[in-house]
$ cat my_file_8.cif   # mmCIF, C-alpha atoms
data_structure
#
loop_
_atom_site.label_atom_id
_atom_site.label_comp_id
_atom_site.auth_asym_id
_atom_site.auth_seq_id
_atom_site.Cartn_x
_atom_site.Cartn_y
_atom_site.Cartn_z
CA MET A 1136 29.85 -8.47 3.33
CA ASN A 1137 26.12 -8.03 2.91
CA HIS A 1138 23.72 -7.17 5.72
CA GLY A 1139 22.38 -10.72 5.92
CA ARG A 1140 25.70 -12.26 6.92
CA ARG A 1141 26.52 -9.32 9.20
CA ASN A 1142 23.13 -9.66 10.85
CA LEU A 1143 23.82 -13.30 11.66
CA ASP A 1144 27.25 -12.51 13.08
CA GLN A 1145 25.80 -9.83 15.35
CA VAL A 1146 23.20 -12.24 16.69
CA LEU A 1147 25.79 -14.97 17.26
CA ASP A 1148 27.78 -12.46 19.28
CA LEU A 1149 24.93 -12.47 21.79
CA THR A 1150 25.88 -15.94 23.00
CA ASN A 1151 29.15 -17.33 24.31
CA SER A 1152 28.23 -20.92 23.74
CA ASP A 1153 29.83 -22.41 20.61
CA GLU A 1154 27.17 -25.09 20.61
CA GLU A 1155 24.38 -22.53 20.54
CA LYS A 1156 26.19 -20.49 17.87
CA ALA A 1157 26.30 -23.60 15.67
CA ARG A 1158 22.63 -24.36 16.32
CA LEU A 1159 21.46 -20.84 15.51
CA ALA A 1160 23.64 -20.67 12.40
CA ARG A 1161 22.11 -23.94 11.22
CA VAL A 1162 18.58 -22.58 11.63
CA TRP A 1163 19.63 -19.43 9.78
CA ARG A 1164 20.89 -21.62 6.93
CA ASP A 1165 17.79 -23.86 6.98
CA LEU A 1166 15.57 -20.85 6.44
CA GLU A 1167 16.92 -20.80 2.90
CA SER A 1168 14.79 -23.86 2.23
CA ILE A 1169 11.72 -21.65 2.24
CA SER A 1170 12.18 -20.82 -1.37
CA ILE A 1171 9.50 -18.58 -2.78
CA GLU A 1172 8.40 -18.57 -6.38
CA GLU A 1173 8.74 -15.52 -8.59
CA PRO A 1174 5.71 -13.22 -8.49
CA PRO A 1175 3.25 -14.11 -11.26
CA ARG A 1176 3.76 -12.06 -14.41
CA ALA A 1177 0.09 -11.20 -14.58
CA MET A 1178 0.53 -9.30 -11.31
CA LYS A 1179 2.78 -6.74 -12.94
CA GLY A 1180 0.35 -6.34 -15.82
CA GLU A 1181 -2.48 -5.67 -13.39
CA PHE A 1182 -0.50 -2.95 -11.65
CA GLN A 1183 0.54 -1.38 -14.94
CA LYS A 1184 -3.10 -1.35 -15.97
CA VAL A 1185 -3.98 0.67 -12.89
CA LEU A 1186 -1.02 3.00 -13.39
CA ARG A 1187 -1.81 3.50 -17.06
CA THR A 1188 -4.75 5.65 -16.05
CA ILE A 1189 -2.30 8.31 -14.96
CA GLU A 1190 -0.88 10.60 -17.54
CA VAL A 1191 2.84 11.26 -17.53
CA LEU A 1192 3.28 14.42 -15.55
CA PRO A 1193 5.59 17.34 -15.77
CA GLN A 1194 7.72 17.72 -12.67
CA ARG A 1195 6.12 19.81 -9.96
CA ARG A 1196 8.21 22.94 -9.63
CA GLY A 1197 8.17 25.91 -7.38
CA ILE A 1198 5.51 28.47 -8.20
CA SER A 1199 6.29 32.16 -8.30
CA TRP A 1200 4.33 34.39 -5.95
CA ALA A 1201 2.71 36.28 -8.85
CA ARG A 1202 1.65 33.06 -10.47
CA ALA A 1203 0.50 31.66 -7.15
CA ALA A 1204 -1.68 34.72 -6.60
CA THR A 1205 -3.24 34.32 -10.04
CA ILE A 1206 -3.77 30.64 -9.45
CA PHE A 1207 -5.24 31.38 -6.04
CA GLY A 1208 -7.78 33.72 -7.60
CA ILE A 1209 -8.68 31.18 -10.21
CA GLY A 1210 -8.73 28.45 -7.56
CA LEU A 1211 -11.21 30.39 -5.49
CA LEU A 1212 -13.32 30.99 -8.56
CA THR A 1213 -13.23 27.30 -9.29
CA GLY A 1214 -14.00 26.66 -5.66
CA ALA A 1215 -17.04 28.91 -5.56
CA LEU A 1216 -18.38 27.33 -8.68
CA GLY A 1217 -17.31 23.91 -7.55
CA LEU A 1218 -19.21 24.42 -4.32
CA SER A 1219 -22.38 24.95 -6.26
CA VAL A 1220 -21.65 21.83 -8.27
CA ALA A 1221 -20.89 19.81 -5.16
CA GLY A 1222 -23.92 21.21 -3.40
CA ARG A 1223 -26.12 20.30 -6.29
CA LEU A 1224 -24.68 16.82 -6.29
CA ALA A 1225 -25.39 16.42 -2.63
CA THR A 1226 -28.88 17.75 -2.66
CA THR A 1227 -30.25 16.35 -5.87
CA ALA A 1228 -27.98 13.31 -6.17
CA SER A 1229 -28.20 13.96 -9.85
CA GLN A 1230 -24.66 14.16 -11.06
CA LYS A 1231 -25.62 14.20 -14.69
CA THR A 1232 -27.43 17.51 -14.48
CA ALA A 1233 -24.31 19.09 -12.99
CA ALA A 1234 -22.01 17.84 -15.72
CA PRO A 1235 -22.76 20.51 -18.35
CA HIS A 1236 -22.14 23.24 -15.75
CA ALA A 1237 -18.85 21.67 -14.78
CA THR A 1238 -17.82 21.40 -18.40
CA ALA A 1239 -18.65 25.06 -18.90
CA ILE A 1240 -16.57 25.95 -15.85
CA ALA A 1241 -13.61 23.94 -17.13
CA ALA A 1242 -13.86 25.57 -20.53
CA ALA A 1243 -14.03 29.04 -19.01
CA LEU A 1244 -10.93 28.54 -16.90
CA PRO A 1245 -7.65 29.68 -18.35
CA LEU A 1246 -5.91 26.74 -16.68
CA ARG A 1247 -6.19 24.40 -19.57
CA THR A 1248 -2.97 22.47 -19.29
CA THR A 1249 -2.50 19.64 -16.88
CA ALA A 1250 0.59 21.25 -15.38
CA GLN A 1251 -1.30 24.45 -14.60
CA ARG A 1252 -4.25 22.69 -13.03
CA LEU A 1253 -1.94 20.43 -11.06
CA ALA A 1254 -0.05 23.43 -9.71
CA ALA A 1255 -3.39 25.10 -8.92
CA MET A 1256 -4.50 22.04 -6.96
CA HIS A 1257 -1.39 22.25 -4.78
CA VAL A 1258 -1.87 25.95 -4.10
CA VAL A 1259 -5.57 25.48 -3.40
CA GLY A 1260 -4.72 22.46 -1.25
CA ASP A 1261 -2.46 24.56 0.96
CA LEU A 1262 -5.26 27.09 1.42
CA ALA A 1263 -8.00 24.54 2.05
CA HIS A 1264 -7.35 24.40 5.80
CA THR A 1265 -8.71 27.92 6.16
CA GLU A 1266 -10.70 28.68 3.00
CA PRO A 1267 -14.04 26.85 2.51
CA ALA A 1268 -14.00 27.80 -1.16
CA ALA A 1269 -10.64 26.10 -1.55
CA ARG A 1270 -12.07 22.92 -0.02
CA ALA A 1271 -14.86 23.01 -2.56
CA ALA A 1272 -12.34 23.59 -5.35
CA LEU A 1273 -10.54 20.41 -4.30
CA ILE A 1274 -13.79 18.45 -4.35
CA HIS A 1275 -14.54 19.93 -7.73
CA GLY A 1276 -11.08 18.83 -8.89
CA VAL A 1277 -11.78 15.25 -7.86
CA LEU A 1278 -15.24 15.15 -9.39
CA ARG A 1279 -14.67 17.04 -12.58
CA ASP A 1280 -11.07 17.20 -13.69
CA PRO A 1281 -10.56 14.87 -16.66
CA ILE A 1282 -6.94 14.11 -15.76
CA PRO A 1283 -6.37 11.45 -13.04
CA ALA A 1284 -3.15 13.08 -11.87
CA VAL A 1285 -4.99 16.29 -11.04
CA GLN A 1286 -7.76 14.31 -9.37
CA LEU A 1287 -5.16 12.45 -7.32
CA ALA A 1288 -3.52 15.69 -6.23
CA ALA A 1289 -6.93 16.90 -5.06
CA VAL A 1290 -7.58 13.63 -3.20
CA ASP A 1291 -4.17 13.97 -1.52
CA HIS A 1292 -5.03 17.40 -0.18
CA LEU A 1293 -8.53 16.38 0.86
CA ALA A 1294 -6.99 13.55 2.89
CA ASP A 1295 -5.25 16.15 5.04
CA LEU A 1296 -8.53 17.84 5.93
CA ASN A 1297 -11.21 16.90 8.41
CA LEU A 1298 -13.95 16.31 5.90
CA SER A 1299 -17.54 16.57 7.00
CA ASN A 1300 -19.91 13.66 6.42
CA ALA A 1301 -21.70 15.70 3.76
CA GLU A 1302 -18.43 16.28 1.89
CA ILE A 1303 -17.53 12.61 2.10
CA GLU A 1304 -20.96 11.67 0.86
CA VAL A 1305 -20.57 13.91 -2.18
CA LEU A 1306 -17.26 12.26 -2.98
CA ALA A 1307 -18.61 8.76 -2.36
CA LEU A 1308 -21.64 9.31 -4.60
CA ALA A 1309 -19.32 10.30 -7.43
CA LEU A 1310 -17.19 7.15 -7.07
CA PRO A 1311 -18.94 5.04 -9.73
CA GLU A 1312 -18.69 7.87 -12.26
CA LEU A 1313 -14.94 8.38 -11.98
CA GLY A 1314 -13.13 6.95 -14.96
CA ALA A 1315 -9.74 6.11 -13.48
CA PRO A 1316 -9.56 3.06 -11.18
CA ILE A 1317 -6.59 4.53 -9.35
CA VAL A 1318 -8.59 7.63 -8.40
CA GLN A 1319 -11.45 5.40 -7.28
CA VAL A 1320 -9.08 3.35 -5.11
CA MET A 1321 -7.56 6.43 -3.47
CA LEU A 1322 -10.96 7.93 -2.91
CA LEU A 1323 -12.23 4.68 -1.38
CA ASP A 1324 -9.47 4.95 1.21
CA LEU A 1325 -10.72 8.42 1.99
CA VAL A 1326 -14.37 7.51 2.43
CA THR A 1327 -13.79 4.17 4.18
CA PRO A 1328 -13.82 5.46 7.78
CA THR A 1329 -17.25 7.01 7.28
CA THR A 1330 -20.43 5.11 7.89
CA GLY A 1331 -23.78 6.04 6.44
CA ALA A 1332 -26.38 4.39 4.29
CA PRO A 1333 -25.75 6.34 1.04
CA VAL A 1334 -22.01 5.65 1.20
CA ALA A 1335 -22.65 2.00 1.98
CA GLU A 1336 -24.98 1.72 -0.96
CA VAL A 1337 -22.32 3.10 -3.32
CA LEU A 1338 -19.75 0.68 -1.93
CA ARG A 1339 -22.11 -2.24 -2.40
CA ARG A 1340 -22.84 -1.19 -5.96
CA LEU A 1341 -19.13 -0.92 -6.77
CA SER A 1342 -18.36 -4.22 -5.14
CA ARG A 1343 -21.08 -6.07 -7.08
CA ASP A 1344 -20.75 -4.40 -10.46
CA PRO A 1345 -18.82 -6.77 -12.76
CA SER A 1346 -17.83 -3.89 -15.02
CA THR A 1347 -15.95 -2.20 -12.17
CA ASP A 1348 -12.19 -2.68 -12.09
CA THR A 1349 -11.20 -5.69 -9.92
CA THR A 1350 -8.89 -3.65 -7.67
CA VAL A 1351 -11.64 -1.12 -7.07
CA ARG A 1352 -14.10 -3.90 -6.24
CA ARG A 1353 -11.64 -5.41 -3.80
CA HIS A 1354 -11.15 -2.08 -2.04
CA ALA A 1355 -14.91 -1.54 -1.92
CA ASP A 1356 -15.29 -5.01 -0.37
CA ARG A 1357 -12.65 -4.15 2.18
CA ALA A 1358 -14.31 -0.86 3.02
CA LEU A 1359 -17.55 -2.73 3.64
CA ALA A 1360 -15.76 -5.34 5.74
CA LEU A 1361 -14.15 -2.63 7.86
CA ASN A 1362 -17.59 -1.22 8.62
CA PRO A 1363 -19.83 -4.24 9.20
CA GLU A 1364 -22.79 -2.03 10.01
CA ARG A 1365 -22.78 -1.09 6.34
CA ASN A 1366 -23.50 -4.68 5.43
CA ASP A 1367 -26.85 -4.95 7.08
CA THR A 1368 -29.08 -4.73 4.05
CA MET B 1437 10.97 7.90 -5.00
CA ALA B 1438 11.92 11.56 -4.88
CA ALA B 1439 10.57 11.92 -8.44
CA VAL B 1440 7.31 10.19 -7.52
CA ARG B 1441 6.97 12.44 -4.52
CA SER B 1442 7.49 15.47 -6.75
CA GLY B 1443 4.61 14.51 -8.98
CA GLU B 1444 6.13 12.16 -11.55
CA ILE B 1445 3.66 9.46 -10.68
CA SER B 1446 4.48 7.38 -13.73
CA ARG B 1447 7.92 6.73 -12.18
CA LEU B 1448 6.16 4.52 -9.66
CA GLU B 1449 6.34 1.82 -12.28
CA GLU B 1450 10.14 1.82 -11.96
CA LEU B 1451 9.90 1.43 -8.20
CA TYR B 1452 7.42 -1.38 -8.68
CA GLU B 1453 9.70 -3.08 -11.18
CA ARG B 1454 12.66 -2.87 -8.80
CA HIS B 1455 11.00 -3.82 -5.54
CA HIS B 1456 7.78 -5.74 -6.09
CA ALA B 1457 9.40 -9.18 -6.07
CA SER B 1458 11.08 -8.46 -2.75
CA VAL B 1459 7.83 -7.24 -1.19
CA TYR B 1460 5.97 -10.22 -2.64
CA ARG B 1461 8.46 -12.67 -1.11
CA PHE B 1462 8.30 -10.95 2.26
CA LEU B 1463 4.52 -11.30 2.21
CA ARG B 1464 4.63 -14.92 1.08
CA ARG B 1465 7.15 -15.85 3.76
CA SER B 1466 4.97 -14.05 6.26
CA SER B 1467 2.28 -16.68 5.70
CA CYS B 1468 0.29 -15.06 2.96
CA SER B 1469 -1.26 -17.26 0.31
CA LEU B 1470 -0.44 -16.64 -3.35
CA THR B 1471 -3.55 -14.55 -3.92
CA GLU B 1472 -3.16 -12.60 -0.71
CA ALA B 1473 0.48 -11.83 -1.51
CA GLU B 1474 -0.47 -10.64 -5.01
CA ASP B 1475 -3.24 -8.41 -3.72
CA LEU B 1476 -1.22 -7.03 -0.84
CA THR B 1477 1.81 -6.31 -3.03
CA GLN B 1478 -0.36 -4.19 -5.25
CA ASP B 1479 -1.82 -2.48 -2.20
CA VAL B 1480 1.67 -1.71 -0.86
CA PHE B 1481 2.51 0.23 -4.01
CA LEU B 1482 -0.84 1.96 -4.05
CA ARG B 1483 -0.08 3.08 -0.51
CA VAL B 1484 3.32 4.32 -1.67
CA LEU B 1485 1.42 6.50 -4.09
CA ARG B 1486 -1.16 7.47 -1.50
CA TYR B 1487 1.37 8.46 1.16
CA ARG B 1488 4.12 9.73 -1.14
CA SER B 1489 4.02 13.16 0.42
CA THR B 1490 5.05 11.68 3.80
CA PHE B 1491 8.25 10.17 2.39
CA GLN B 1492 11.32 11.97 3.69
CA ARG B 1493 13.78 12.66 0.91
CA THR B 1494 16.72 12.21 3.25
CA HIS B 1495 15.64 8.70 4.23
CA ALA B 1496 16.15 5.42 2.42
CA PHE B 1497 13.24 4.15 0.38
CA LYS B 1498 13.48 0.44 1.16
CA PRO B 1499 12.82 0.64 4.92
CA TRP B 1500 9.89 2.97 4.25
CA LEU B 1501 8.50 0.54 1.70
CA PHE B 1502 8.77 -2.40 4.08
CA GLN B 1503 7.21 -0.36 6.83
CA ILE B 1504 4.17 0.06 4.60
CA ALA B 1505 4.20 -3.64 3.76
CA ARG B 1506 4.39 -4.60 7.41
CA ASN B 1507 1.59 -2.26 8.44
CA LEU B 1508 -0.60 -3.69 5.71
CA LEU B 1509 0.28 -7.18 6.85
CA ILE B 1510 -0.66 -6.39 10.44
CA ASP B 1511 -4.01 -4.99 9.27
CA HIS B 1512 -4.47 -8.10 7.21
CA HIS B 1513 -3.56 -10.48 10.04
CA SER B 1514 -5.85 -8.71 12.41
CA LYS B 1515 -8.72 -9.39 10.04
CA ARG B 1516 -7.93 -12.99 9.31
CA ARG B 1517 -6.65 -15.93 11.25
CA PHE B 1518 -4.32 -18.15 9.36
CA ASP B 1519 -4.18 -21.90 9.58
CA ALA B 1520 -0.49 -22.63 10.09
CA VAL B 1521 -0.66 -26.00 8.37
CA GLY B 1522 -2.56 -24.60 5.40
CA GLU B 1523 -0.02 -21.84 4.96
CA THR B 1524 2.96 -24.11 4.79
CA GLU B 1525 1.27 -26.21 2.14
CA GLN B 1526 1.06 -23.16 -0.07
CA LEU B 1527 4.75 -22.40 0.05
CA GLN B 1528 6.55 -23.82 -2.92
CA THR B 1529 9.53 -26.08 -2.70
CA PRO B 1530 12.85 -24.94 -4.11
CA ASP B 1531 14.35 -26.34 -7.27
CA LEU B 1532 15.27 -29.77 -6.07
CA GLY B 1533 17.04 -31.38 -8.98
CA PRO B 1534 16.33 -34.74 -10.48
CA SER B 1535 16.36 -37.05 -7.45
CA PRO B 1536 12.84 -37.91 -6.19
CA GLN B 1537 14.27 -39.03 -2.83
CA ARG B 1538 16.07 -35.69 -2.41
CA ALA B 1539 12.91 -33.89 -3.48
CA LEU B 1540 10.89 -35.68 -0.85
CA GLU B 1541 13.45 -34.93 1.87
CA ALA B 1542 13.60 -31.29 0.90
CA ARG B 1543 9.81 -31.01 0.86
CA VAL B 1544 9.62 -32.44 4.35
CA ASP B 1545 12.40 -30.08 5.45
CA LEU B 1546 10.63 -27.07 3.92
CA SER B 1547 7.38 -28.02 5.56
CA ARG B 1548 9.09 -28.27 8.95
CA VAL B 1549 10.88 -24.94 8.72
CA ALA B 1550 7.90 -23.06 7.29
CA SER B 1551 5.59 -24.57 9.87
CA ALA B 1552 7.92 -23.58 12.72
CA LEU B 1553 8.30 -20.08 11.27
CA SER B 1554 4.55 -19.58 11.07
CA ARG B 1555 4.29 -20.26 14.81
CA LEU B 1556 6.57 -17.37 15.75
CA SER B 1557 5.00 -14.15 16.94
CA LEU B 1558 4.54 -11.53 14.22
CA GLU B 1559 7.21 -9.33 15.82
CA GLN B 1560 9.81 -12.08 15.82
CA ARG B 1561 8.85 -13.41 12.41
CA HIS B 1562 9.08 -10.03 10.73
CA ALA B 1563 12.39 -9.19 12.40
CA LEU B 1564 13.86 -12.51 11.33
CA LEU B 1565 12.58 -12.39 7.74
CA LEU B 1566 13.78 -8.84 7.20
CA ALA B 1567 17.20 -9.59 8.69
CA ARG B 1568 17.62 -12.85 6.84
CA PHE B 1569 16.27 -12.17 3.36
CA HIS B 1570 16.08 -8.48 2.57
CA ASP B 1571 19.58 -7.15 2.98
CA LEU B 1572 18.58 -4.60 5.59
CA SER B 1573 20.70 -3.53 8.55
CA TYR B 1574 19.37 -3.81 12.10
CA ARG B 1575 19.14 -0.06 12.22
CA GLU B 1576 16.90 -0.04 9.11
CA ILE B 1577 14.81 -2.91 10.46
CA GLY B 1578 14.40 -0.97 13.69
CA LYS B 1579 12.85 1.87 11.70
CA ILE B 1580 10.47 -0.53 10.02
CA LEU B 1581 9.44 -2.22 13.27
CA ASP B 1582 9.52 1.01 15.25
CA CYS B 1583 11.97 -0.24 17.84
CA SER B 1584 15.66 0.07 18.68
CA GLU B 1585 18.47 -1.70 16.89
CA GLY B 1586 19.14 -3.73 20.04
CA ALA B 1587 15.50 -4.80 20.27
CA VAL B 1588 15.59 -6.08 16.69
CA LYS B 1589 18.73 -8.07 17.42
CA ALA B 1590 17.11 -9.55 20.50
CA ARG B 1591 13.99 -10.50 18.52
CA VAL B 1592 16.04 -12.22 15.85
CA TYR B 1593 18.04 -14.04 18.51
CA ARG B 1594 14.90 -15.25 20.29
CA ALA B 1595 13.29 -16.20 16.97
CA LEU B 1596 16.27 -18.37 16.06
CA GLN B 1597 16.26 -19.97 19.50
CA THR B 1598 12.55 -20.76 19.25
CA LEU B 1599 12.90 -22.14 15.75
CA SER B 1600 15.84 -24.28 16.80
CA GLN B 1601 13.86 -25.67 19.69
CA GLN B 1602 10.79 -26.38 17.55
CA LEU B 1603 12.81 -28.07 14.84
CA ASP B 1604 14.55 -30.25 17.44
CA GLU B 1605 11.18 -31.24 18.88
CA GLN B 1606 9.84 -32.07 15.45
CA GLU B 1607 12.91 -34.14 14.70
CA SER B 1608 12.69 -36.15 17.91
CA ALA B 1609 8.97 -36.72 17.31
CA THR B 1610 9.57 -38.34 13.92
#
$ encode --input "my_file_8.cif" --output "structure tokens"
Amino acid sequence: MNHGRRNLDQVLDLTNSDEEKARLARVWRDLESISIEEPPRAMKGEFQKVLRTIEVLPQRRGISWARAATIFGIGLLTGALGLSVAGRLATTASQKTAAPHATAIAAALPLRTTAQRLAAMHVVGDLAHTEPAARAALIHGVLRDPIPAVQLAAVDHLADLNLSNAEIEVLALALPELGAPIVQVMLLDLVTPTTGAPVAEVLRRLSRDPSTDTTVRRHADRALALNPERNDT
Amino acid sequence: MAAVRSGEISRLEELYERHHASVYRFLRRSSCSLTEAEDLTQDVFLRVLRYRSTFQRTHAFKPWLFQIARNLLIDHHSKRRFDAVGETEQLQTPDLGPSPQRALEARVDLSRVASALSRLSLEQRHALLLARFHDLSYREIGKILDCSEGAVKARVYRALQTLSQQLDEQESAT
């Protein structure tokens, strides 16, 4: 017996009246008339399109202490450098000038494989509650890592932190430059609760730009709708 | 889901493949238009990805998934007011066979039931839809709705009573 039938029987047990049992059972049966069409096929394609921006990942495994320590050191290095990148982004709002530095940082790091950088993000993420440099390393991961899965891992960890408005602004300003729609969507969720003219301006630009992915535009619209004060220009 | 939680994000596609139709139907029956149901279904799975680290490996995936869907739906409802008549018009009729007379009767019947359903409170409507269409136990539905098994049963009971009453009233009015 499936749950549906069992569920009906349990509800019918709540009444002693045979007449009421029959009435309720009839309504239960009549609900079947609300037949719903199959989901449109295009819907699945849309979702696959968003998912396709993520590379197939190796399984996340436990990290040995020695490796964790190495990764921690490298994470902090990344963080210190990332902080300067993030700071530059925030103060000059010129992301393009920071790009060559970030590329140089990435090239200098021994963590060249996705699996290594992903593992590093998780270690750094665990440290970010107490280490400012680790926070900056996460921001750097979102802004500069070329692999969406690593960016997503960084976004995940940032979501667990109480980000300052300045940090959120840095992330929001980078939104239009991020290549993967799925990272943009996740990041939009992160910046949505924050008000502020620069963030609002980025959201408006995303929402109006026809070249932006439709899901990203929808989320930007929603973020604006959730904060009506952002819509005042 | 355990694989997705562990970092194999591409496996989300399998979860989508397996469950998206069920989520879509739940949203449609909960008075969402076609477009809203499409958008919200996608959002449900993006939230699965977003909150994957909060999934408890020892728990079943389906109740967790529907909990996300329901929370999204509540957010959505709080932002928009639905026109009950408009909603029922957007629900499609079942495969009715060749008889036009039968088709007309069934369309009228569908409209009545869907209209009555859309007038239930969200709590009752969700309890009833989950119990009726999604092969979930009352215990699992309780987790989704954040209430006890007994409370779910009571909601379904009251929902059926209300529907029965409304359908009787509609019948006597015609």
$ atom_distance --input "my_file_8.cif" --atom1 "atom CA of A:His1138" --atom2 "atom CA of B:Leu1565"
12.5 Å
$ interface_residues --input "my_file_8.cif" --of "chain A" --to "chain B" --cutoff "9 Å" --atoms "all atoms listed in the file" --output "PyMOL selection string"
chain A and resi 1137-1143+1145-1147+1149+1155+1158-1163+1165-1175+1178-1179+1181-1183+1186-1187+1189-1196+1284+1287-1288+1291+1317+1320-1321+1350+1353+1361
$ write_last_selection --input "my_file_8.cif" --atoms "C-alpha atoms" --output "short mmCIF file (atom, residue, chain, number, x, y, z; two decimals), in the coordinates of the input"
data_model
loop_
_atom_site.label_atom_id
_atom_site.label_comp_id
_atom_site.auth_asym_id
_atom_site.auth_seq_id
_atom_site.Cartn_x
_atom_site.Cartn_y
_atom_site.Cartn_z
CA ASN A 1137 26.12 -8.03 2.91
CA HIS A 1138 23.72 -7.17 5.72
CA GLY A 1139 22.38 -10.72 5.92
CA ARG A 1140 25.70 -12.26 6.92
CA ARG A 1141 26.52 -9.32 9.20
CA ASN A 1142 23.13 -9.66 10.85
CA LEU A 1143 23.82 -13.30 11.66
CA GLN A 1145 25.80 -9.83 15.35
CA VAL A 1146 23.20 -12.24 16.69
CA LEU A 1147 25.79 -14.97 17.26
CA LEU A 1149 24.93 -12.47 21.79
CA GLU A 1155 24.38 -22.53 20.54
CA ARG A 1158 22.63 -24.36 16.32
CA LEU A 1159 21.46 -20.84 15.51
CA ALA A 1160 23.64 -20.67 12.40
CA ARG A 1161 22.11 -23.94 11.22
CA VAL A 1162 18.58 -22.58 11.63
CA TRP A 1163 19.63 -19.43 9.78
CA ASP A 1165 17.79 -23.86 6.98
CA LEU A 1166 15.57 -20.85 6.44
CA GLU A 1167 16.92 -20.80 2.90
CA SER A 1168 14.79 -23.86 2.23
CA ILE A 1169 11.72 -21.65 2.24
CA SER A 1170 12.18 -20.82 -1.37
CA ILE A 1171 9.50 -18.58 -2.78
CA GLU A 1172 8.40 -18.57 -6.38
CA GLU A 1173 8.74 -15.52 -8.59
CA PRO A 1174 5.71 -13.22 -8.49
CA PRO A 1175 3.25 -14.11 -11.26
CA MET A 1178 0.53 -9.30 -11.31
CA LYS A 1179 2.78 -6.74 -12.94
CA GLU A 1181 -2.48 -5.67 -13.39
CA PHE A 1182 -0.50 -2.95 -11.65
CA GLN A 1183 0.54 -1.38 -14.94
CA LEU A 1186 -1.02 3.00 -13.39
CA ARG A 1187 -1.81 3.50 -17.06
CA ILE A 1189 -2.30 8.31 -14.96
CA GLU A 1190 -0.88 10.60 -17.54
CA VAL A 1191 2.84 11.26 -17.53
CA LEU A 1192 3.28 14.42 -15.55
CA PRO A 1193 5.59 17.34 -15.77
CA GLN A 1194 7.72 17.72 -12.67
CA ARG A 1195 6.12 19.81 -9.96
CA ARG A 1196 8.21 22.94 -9.63
CA ALA A 1284 -3.15 13.08 -11.87
CA LEU A 1287 -5.16 12.45 -7.32
CA ALA A 1288 -3.52 15.69 -6.23
CA ASP A 1291 -4.17 13.97 -1.52
CA ILE A 1317 -6.59 4.53 -9.35
CA VAL A 1320 -9.08 3.35 -5.11
CA MET A 1321 -7.56 6.43 -3.47
CA THR A 1350 -8.89 -3.65 -7.67
CA ARG A 1353 -11.64 -5.41 -3.80
CA LEU A 1361 -14.15 -2.63 7.86
#
$ atom_distance --input "my_file_8.cif" --atom1 "atom CA of A:Asp1348" --atom2 "atom CA of A:Val1290"
19.1 Å
$ atom_distance --input "my_file_8.cif" --atom1 "atom CA of A:Val1318" --atom2 "atom CA of A:Pro1333"
19.6 Å
$ closest_residue --input "my_file_8.cif" --among "A:Ile1274, A:Leu1293, A:Leu1253, A:Ala1301" --to "A:Leu1325" --atoms "all atoms listed in the file"
A:Leu1293
